[in-house]
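Worksheet: one structure, shown below.
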Amino acid sequence: MEVIYEAFAFIFGLVWGSFLNVVIYRVPEGISIIKPGSFCPVCKKKIAWYDNIPILSYIILRGKCRHCGSKIPIKYPLVEFFSGLSFLLLWRNFHQIPLEILRGLVFVSLLIILAGIDSDRMLLPDIFTIPGIAAGIAFSFFISPGPLSSILGALIGYLSLWLVYKLFLLLTGKEGLGFGDFKMLAMIGAFMGIKQLLPVIIVSSLLGSLFGIGIILVKKKTFSTMLPFGVFLSIASWILYIFNLDLFNLYMGLWR
Ligand SMILES: [Zn+2]
């Protein structure tokens, strides 16, 4: 029976992911997320419902617009897939506790939206991060990590990246991070609590470094290429949150 619920959660998540794609593309452009219906951003032709089925349509159309043949970014089916996977894992790992799942859906949706917009435009809009901080703190009054950990998480989250930014600026004269990154980590701290801040920073920096080295090796770009750090913050938080990982305990467990 459980597998039916999980399949349902996955499909519901796919459809939600399709909506997240609309938000990722339209909100920074200032287009309404309700009207008009889906259209190709290149030829502006309307996309029929049968060409708008999550993941399946991308495969059937071989990643190309039916009308103009322009490439559909792989990001679209990826967002849908991760949204589907998120719903399934939230259902499974959060033991069907309604408030935990609701908070998870809000948090994970914000992570996916911010990663999507940051990878497109190197931008983490306030319209998502600021209400995200408020939502994270609001939930913490009813479920873990509790309001103190949540509020401290938001404050320290903001300040720690701001400090890294100032130090980096002082040492290299370059801006390695943006204010959007500070607000995003504040939001993550508000949802996950202060204890998870350091693990999030460690895992996201690790992912960012690996990706950066990969780019240098593959594309022969220099290290000055700006990386969308929000994407790595998002991936790190997603993994730690959805699997409820406690890196500190895992590490201590290795020495026992
Ligand atoms: Zn087109």
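In the structure tokens, chains take letters A, B, ... by order of appearance, with residues numbered from 1 within each chain and ligands from 1 in the order shown.
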Quick one: residues within 6 Å of ligand 1, with only C-alpha atoms and all ligand atoms, as a PyMOL selection string? chain A and resi 40+42-43+65+67-68+70
Between A:Pro28, A:Pro41, A:Gly193, A:Pro131, which has the minimum distance to Ser150 (chain A) (counting only C-alpha atoms)?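 Using only C-alpha atoms, Ser150 (chain A) sits closest to A:Gly193.
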Restricting the calculation to only C-alpha atoms: of A:Phe232, A:Leu206, A:Pro199, A:Pro125, which residue gets closest to Leu250 (chain A)?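 Comparing A:Phe232, A:Leu206, A:Pro199, A:Pro125 against Leu250 (chain A), the winner is A:Pro199.
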How close does region 109-222 of chain A get to region 6-25 of chain A? List, as JSON lines, each residue of region 109-222 of chain A within 10 Å, its nearest atom pair and the distance in Å to one decimal, counting only C-alpha atoms.
```
{"residue": "A:Ser109", "atom": "CA", "partner": "A:Leu20", "partner_atom": "CA", "distance": 7.4}
{"residue": "A:Leu110", "atom": "CA", "partner": "A:Leu20", "partner_atom": "CA", "distance": 9.1}
{"residue": "A:Ile112", "atom": "CA", "partner": "A:Leu20", "partner_atom": "CA", "distance": 7.7}
{"residue": "A:Ile113", "atom": "CA", "partner": "A:Ile24", "partner_atom": "CA", "distance": 5.6}
{"residue": "A:Leu114", "atom": "CA", "partner": "A:Ile24", "partner_atom": "CA", "distance": 7.8}
{"residue": "A:Ala115", "atom": "CA", "partner": "A:Ile24", "partner_atom": "CA", "distance": 8.9}
{"residue": "A:Gly116", "atom": "CA", "partner": "A:Ile24", "partner_atom": "CA", "distance": 6.0}
{"residue": "A:Ile117", "atom": "CA", "partner": "A:Ile24", "partner_atom": "CA", "distance": 5.5}
{"residue": "A:Asp118", "atom": "CA", "partner": "A:Ile24", "partner_atom": "CA", "distance": 9.3}
{"residue": "A:Asp120", "atom": "CA", "partner": "A:Tyr25", "partner_atom": "CA", "distance": 8.7}
```
Give me a file of those residues, with C-alpha atoms, as a PDB file, in the first residue's frame.
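Below is the file that was written, part36.pdb:
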```pdb
ATOM      1  CA  SER A 109      10.266  24.522  -3.174  1.00  0.00           C
ATOM      2  CA  LEU A 110      12.194  27.664  -2.188  1.00  0.00           C
ATOM      3  CA  ILE A 112      14.561  24.560  -6.047  1.00  0.00           C
ATOM      4  CA  ILE A 113      13.294  28.009  -7.158  1.00  0.00           C
ATOM      5  CA  LEU A 114      16.413  29.800  -5.865  1.00  0.00           C
ATOM      6  CA  ALA A 115      18.767  27.247  -7.467  1.00  0.00           C
ATOM      7  CA  GLY A 116      16.871  27.589 -10.761  1.00  0.00           C
ATOM      8  CA  ILE A 117      16.987  31.396 -10.803  1.00  0.00           C
ATOM      9  CA  ASP A 118      20.599  31.575  -9.589  1.00  0.00           C
ATOM     10  CA  ASP A 120      19.970  31.262 -14.946  1.00  0.00           C
TER      11      ASP A 120
END
```
Neighbour list for region 33-38 of chain A as a PyMOL selection string, cut-off 9 Å, only C-alpha atoms, skip fewer than 6 positions in-chain: chain A and resi 19+22-23+26-27+45-49+52
Could the residues in this selection be written to a file with N, CA, C and O atoms, as a PDB file, in the first residue's frame?
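The resulting file, result_28.pdb, is shown below:
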```pdb
ATOM      1  N   PHE A  19       5.138  23.615 -12.180  1.00  0.00           N
ATOM      2  CA  PHE A  19       4.755  24.956 -11.730  1.00  0.00           C
ATOM      3  C   PHE A  19       5.990  25.736 -11.265  1.00  0.00           C
ATOM      4  O   PHE A  19       6.137  26.935 -11.548  1.00  0.00           O
ATOM      5  N   VAL A  22       7.709  27.397 -14.032  1.00  0.00           N
ATOM      6  CA  VAL A  22       7.024  28.630 -14.446  1.00  0.00           C
ATOM      7  C   VAL A  22       7.475  29.779 -13.542  1.00  0.00           C
ATOM      8  O   VAL A  22       7.815  30.872 -14.009  1.00  0.00           O
ATOM      9  N   VAL A  23       7.519  29.523 -12.219  1.00  0.00           N
ATOM     10  CA  VAL A  23       7.939  30.552 -11.252  1.00  0.00           C
ATOM     11  C   VAL A  23       9.386  30.983 -11.540  1.00  0.00           C
ATOM     12  O   VAL A  23       9.696  32.180 -11.586  1.00  0.00           O
ATOM     13  N   ARG A  26       9.338  33.035 -14.847  1.00  0.00           N
ATOM     14  CA  ARG A  26       8.503  34.235 -14.965  1.00  0.00           C
ATOM     15  C   ARG A  26       8.710  35.287 -13.901  1.00  0.00           C
ATOM     16  O   ARG A  26       8.638  36.483 -14.210  1.00  0.00           O
ATOM     17  N   VAL A  27       8.924  34.898 -12.658  1.00  0.00           N
ATOM     18  CA  VAL A  27       9.000  35.915 -11.595  1.00  0.00           C
ATOM     19  C   VAL A  27      10.133  36.930 -11.856  1.00  0.00           C
ATOM     20  O   VAL A  27       9.893  38.134 -11.798  1.00  0.00           O
ATOM     21  N   LYS A  45       5.314  30.624 -29.131  1.00  0.00           N
ATOM     22  CA  LYS A  45       4.108  29.843 -29.448  1.00  0.00           C
ATOM     23  C   LYS A  45       3.608  29.128 -28.194  1.00  0.00           C
ATOM     24  O   LYS A  45       4.387  28.720 -27.339  1.00  0.00           O
ATOM     25  N   LYS A  46       2.304  28.976 -28.115  1.00  0.00           N
ATOM     26  CA  LYS A  46       1.684  28.306 -26.978  1.00  0.00           C
ATOM     27  C   LYS A  46       2.096  26.830 -26.919  1.00  0.00           C
ATOM     28  O   LYS A  46       2.227  26.179 -27.965  1.00  0.00           O
ATOM     29  N   ILE A  47       2.305  26.333 -25.725  1.00  0.00           N
ATOM     30  CA  ILE A  47       2.657  24.913 -25.591  1.00  0.00           C
ATOM     31  C   ILE A  47       1.392  24.145 -25.211  1.00  0.00           C
ATOM     32  O   ILE A  47       0.751  24.435 -24.199  1.00  0.00           O
ATOM     33  N   ALA A  48       1.020  23.167 -26.064  1.00  0.00           N
ATOM     34  CA  ALA A  48      -0.197  22.387 -25.816  1.00  0.00           C
ATOM     35  C   ALA A  48      -0.014  21.508 -24.580  1.00  0.00           C
ATOM     36  O   ALA A  48       1.109  21.196 -24.198  1.00  0.00           O
ATOM     37  N   TRP A  49      -1.128  21.115 -23.957  1.00  0.00           N
ATOM     38  CA  TRP A  49      -1.048  20.321 -22.723  1.00  0.00           C
ATOM     39  C   TRP A  49      -0.260  19.027 -22.919  1.00  0.00           C
ATOM     40  O   TRP A  49       0.494  18.607 -22.050  1.00  0.00           O
ATOM     41  N   ASN A  52       3.332  19.337 -22.502  1.00  0.00           N
ATOM     42  CA  ASN A  52       3.668  19.971 -21.231  1.00  0.00           C
ATOM     43  C   ASN A  52       3.585  18.977 -20.072  1.00  0.00           C
ATOM     44  O   ASN A  52       3.385  19.352 -18.928  1.00  0.00           O
TER      45      ASN A  52
END
```
Near-Leu90 (chain A) list (8 Å; only C-alpha atoms; drop same-chain fewer than 2 positions) as a list of chain:residue names: A:Ser86, A:Phe87, A:Leu88, A:Arg92, A:Asn93, A:Phe94, A:Ile101, A:Gly104, A:Leu105, A:Ile242
Can you write just those residues out, C-alpha atoms, as an mmCIF file, in the first residue's frame?
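Ended up saving to again_38.cif:
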```cif
data_model
loop_
_atom_site.group_PDB
_atom_site.id
_atom_site.type_symbol
_atom_site.label_atom_id
_atom_site.label_comp_id
_atom_site.auth_asym_id
_atom_site.auth_seq_id
_atom_site.Cartn_x
_atom_site.Cartn_y
_atom_site.Cartn_z
ATOM 1 C CA SER A 86 11.417 15.673 -2.884
ATOM 2 C CA PHE A 87 7.714 14.945 -2.396
ATOM 3 C CA LEU A 88 8.376 11.202 -2.281
ATOM 4 C CA ARG A 92 8.798 8.731 3.431
ATOM 5 C CA ASN A 93 11.324 10.411 5.758
ATOM 6 C CA PHE A 94 9.031 12.747 7.651
ATOM 7 C CA ILE A 101 5.720 17.718 5.443
ATOM 8 C CA GLY A 104 9.412 20.541 3.975
ATOM 9 C CA LEU A 105 7.387 21.389 0.876
ATOM 10 C CA ILE A 242 15.635 15.672 3.288
#
```
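We find CA of Met226 (chain A) and CA of Gly176 (chain A) to be spaced 7.4 Å apart.
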Just the number, please: distance in Å from CA of Phe191 (chain A) to CA of Gly253 (chain A), one decimal. 25.5 Å
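Here CA of Leu240 (chain A) stands at a distance of 19.0 Å from CA of Ser160 (chain A).
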If you run DSSP on the backbone, which residues of region 7-256 of chain A are helix (DSSP H, G or I), as an MDAnalysis selection string? chainID A and resid 7:29 49:51 56:60 75:93 98:121 126:140 147:172 179:192 194:219 229:242 247:254
DSSP on the backbone: which residues in region 13-176 of chain A end up as strand (DSSP E or B)? Give the answer as a CSV table (one decimal) with N, CA and C atoms, in the first residue's frame.
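For reference, out05.csv as written:
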```csv
chain,number,residue,atom,x,y,z
A,39,PHE,N,4.3,29.0,-22.7
A,39,PHE,CA,4.7,29.3,-24.1
A,39,PHE,C,6.2,29.1,-24.2
A,46,LYS,N,2.3,29.0,-28.1
A,46,LYS,CA,1.7,28.3,-27.0
A,46,LYS,C,2.1,26.8,-26.9
A,64,LYS,N,13.4,19.4,-27.6
A,64,LYS,CA,13.3,20.5,-28.6
A,64,LYS,C,11.8,21.0,-28.7
A,71,LYS,N,16.3,24.4,-28.5
A,71,LYS,CA,16.6,23.4,-27.4
A,71,LYS,C,15.9,23.8,-26.1
```
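Distances from A:Glu175, A:Pro145, A:Gly212, A:Trp162 to Gly189 (chain A) were compared using only C-alpha atoms, and the smallest one belongs to A:Pro145.
Residues in contact with Leu207 (chain A) at up to 10 Å, not including ones fewer than 6 positions away on its chain and judged by only C-alpha atoms, are Ile201, Ile213, Phe229, Val231, Phe232, Leu233, Ile235 and Ala236 of chain A.
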Put those residues in a file: all heavy atoms, as an mmCIF file, in the first residue's frame.
```cif
data_model
loop_
_atom_site.group_PDB
_atom_site.id
_atom_site.type_symbol
_atom_site.label_atom_id
_atom_site.label_comp_id
_atom_site.auth_asym_id
_atom_site.auth_seq_id
_atom_site.Cartn_x
_atom_site.Cartn_y
_atom_site.Cartn_z
ATOM 1 N N ILE A 201 27.433 24.945 5.124
ATOM 2 C CA ILE A 201 28.529 25.728 4.533
ATOM 3 C C ILE A 201 29.645 24.799 4.040
ATOM 4 O O ILE A 201 30.159 24.955 2.941
ATOM 5 C CB ILE A 201 29.089 26.746 5.557
ATOM 6 C CG1 ILE A 201 28.017 27.800 5.887
ATOM 7 C CG2 ILE A 201 30.337 27.435 5.020
ATOM 8 C CD1 ILE A 201 28.400 28.749 7.003
ATOM 9 N N ILE A 213 36.614 23.201 -10.041
ATOM 10 C CA ILE A 213 37.771 22.490 -10.589
ATOM 11 C C ILE A 213 37.371 21.778 -11.878
ATOM 12 O O ILE A 213 38.090 21.804 -12.874
ATOM 13 C CB ILE A 213 38.332 21.479 -9.552
ATOM 14 C CG1 ILE A 213 38.944 22.250 -8.376
ATOM 15 C CG2 ILE A 213 39.366 20.561 -10.184
ATOM 16 C CD1 ILE A 213 39.221 21.392 -7.151
ATOM 17 N N PHE A 229 26.762 30.485 -6.294
ATOM 18 C CA PHE A 229 26.924 29.781 -5.015
ATOM 19 C C PHE A 229 25.572 29.327 -4.449
ATOM 20 O O PHE A 229 25.501 28.324 -3.738
ATOM 21 C CB PHE A 229 27.658 30.678 -4.003
ATOM 22 C CG PHE A 229 28.078 29.951 -2.758
ATOM 23 C CD1 PHE A 229 28.889 28.829 -2.825
ATOM 24 C CD2 PHE A 229 27.645 30.378 -1.514
ATOM 25 C CE1 PHE A 229 29.275 28.146 -1.683
ATOM 26 C CE2 PHE A 229 28.024 29.696 -0.356
ATOM 27 C CZ PHE A 229 28.843 28.587 -0.444
ATOM 28 N N VAL A 231 23.257 27.858 -5.919
ATOM 29 C CA VAL A 231 22.950 26.504 -6.393
ATOM 30 C C VAL A 231 23.555 25.471 -5.448
ATOM 31 O O VAL A 231 22.914 24.480 -5.083
ATOM 32 C CB VAL A 231 23.484 26.295 -7.834
ATOM 33 C CG1 VAL A 231 23.279 24.864 -8.291
ATOM 34 C CG2 VAL A 231 22.813 27.264 -8.796
ATOM 35 N N PHE A 232 24.792 25.729 -5.004
ATOM 36 C CA PHE A 232 25.463 24.762 -4.120
ATOM 37 C C PHE A 232 24.882 24.807 -2.702
ATOM 38 O O PHE A 232 24.765 23.768 -2.049
ATOM 39 C CB PHE A 232 26.969 25.017 -4.119
ATOM 40 C CG PHE A 232 27.543 24.962 -5.506
ATOM 41 C CD1 PHE A 232 27.966 26.113 -6.142
ATOM 42 C CD2 PHE A 232 27.584 23.767 -6.202
ATOM 43 C CE1 PHE A 232 28.448 26.072 -7.443
ATOM 44 C CE2 PHE A 232 28.059 23.711 -7.499
ATOM 45 C CZ PHE A 232 28.496 24.873 -8.118
ATOM 46 N N LEU A 233 24.514 26.007 -2.258
ATOM 47 C CA LEU A 233 23.820 26.117 -0.969
ATOM 48 C C LEU A 233 22.537 25.296 -1.012
ATOM 49 O O LEU A 233 22.178 24.598 -0.060
ATOM 50 C CB LEU A 233 23.455 27.582 -0.686
ATOM 51 C CG LEU A 233 24.535 28.498 -0.109
ATOM 52 C CD1 LEU A 233 23.986 29.907 0.033
ATOM 53 C CD2 LEU A 233 25.007 27.978 1.244
ATOM 54 N N ILE A 235 21.734 22.679 -3.056
ATOM 55 C CA ILE A 235 21.963 21.227 -3.129
ATOM 56 C C ILE A 235 22.376 20.689 -1.750
ATOM 57 O O ILE A 235 21.845 19.678 -1.276
ATOM 58 C CB ILE A 235 23.050 20.893 -4.177
ATOM 59 C CG1 ILE A 235 22.593 21.317 -5.581
ATOM 60 C CG2 ILE A 235 23.370 19.395 -4.162
ATOM 61 C CD1 ILE A 235 23.687 21.247 -6.635
ATOM 62 N N ALA A 236 23.303 21.401 -1.088
ATOM 63 C CA ALA A 236 23.783 20.954 0.231
ATOM 64 C C ALA A 236 22.634 20.905 1.239
ATOM 65 O O ALA A 236 22.466 19.917 1.963
ATOM 66 C CB ALA A 236 24.890 21.881 0.725
#
```
Kindly indicate which residue among A:Ile239, A:Gln196, A:Tyr251, A:Leu161 lies nearest to Asp181 (chain A), using only C-alpha atoms for the distances.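 With only C-alpha atoms as the atom set, the closest residue is A:Leu161.
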Excluding Pro77 (chain A) and any residue of its chain fewer than 2 positions from it, enumerate the residues within 7 Å of it, using only C-alpha atoms, and give them as a ChimeraX atom specification. /A:54-55,58,74-75,79-81
Same residues, C-alpha atoms, output as a PDB file, in the first residue's frame:
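Output contents, as saved in result37.pdb:
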```pdb
ATOM      1  CA  PRO A  54       6.468  16.633 -16.782  1.00  0.00           C
ATOM      2  CA  ILE A  55       9.625  14.791 -17.945  1.00  0.00           C
ATOM      3  CA  TYR A  58      10.874  16.420 -22.761  1.00  0.00           C
ATOM      4  CA  ILE A  74      17.769  20.183 -19.356  1.00  0.00           C
ATOM      5  CA  LYS A  75      17.001  22.278 -16.272  1.00  0.00           C
ATOM      6  CA  VAL A  79      13.483  20.653 -11.713  1.00  0.00           C
ATOM      7  CA  GLU A  80      10.460  18.395 -12.264  1.00  0.00           C
ATOM      8  CA  PHE A  81      12.362  15.280 -11.295  1.00  0.00           C
TER       9      PHE A  81
END
```
Counting only C-alpha atoms, figure out which residue out of A:Thr129, A:Ser32, A:Asn249, A:Ser237 gets nearest to Phe179 (chain A).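 Of the candidates, the smallest distance to Phe179 (chain A) is held by A:Thr129.
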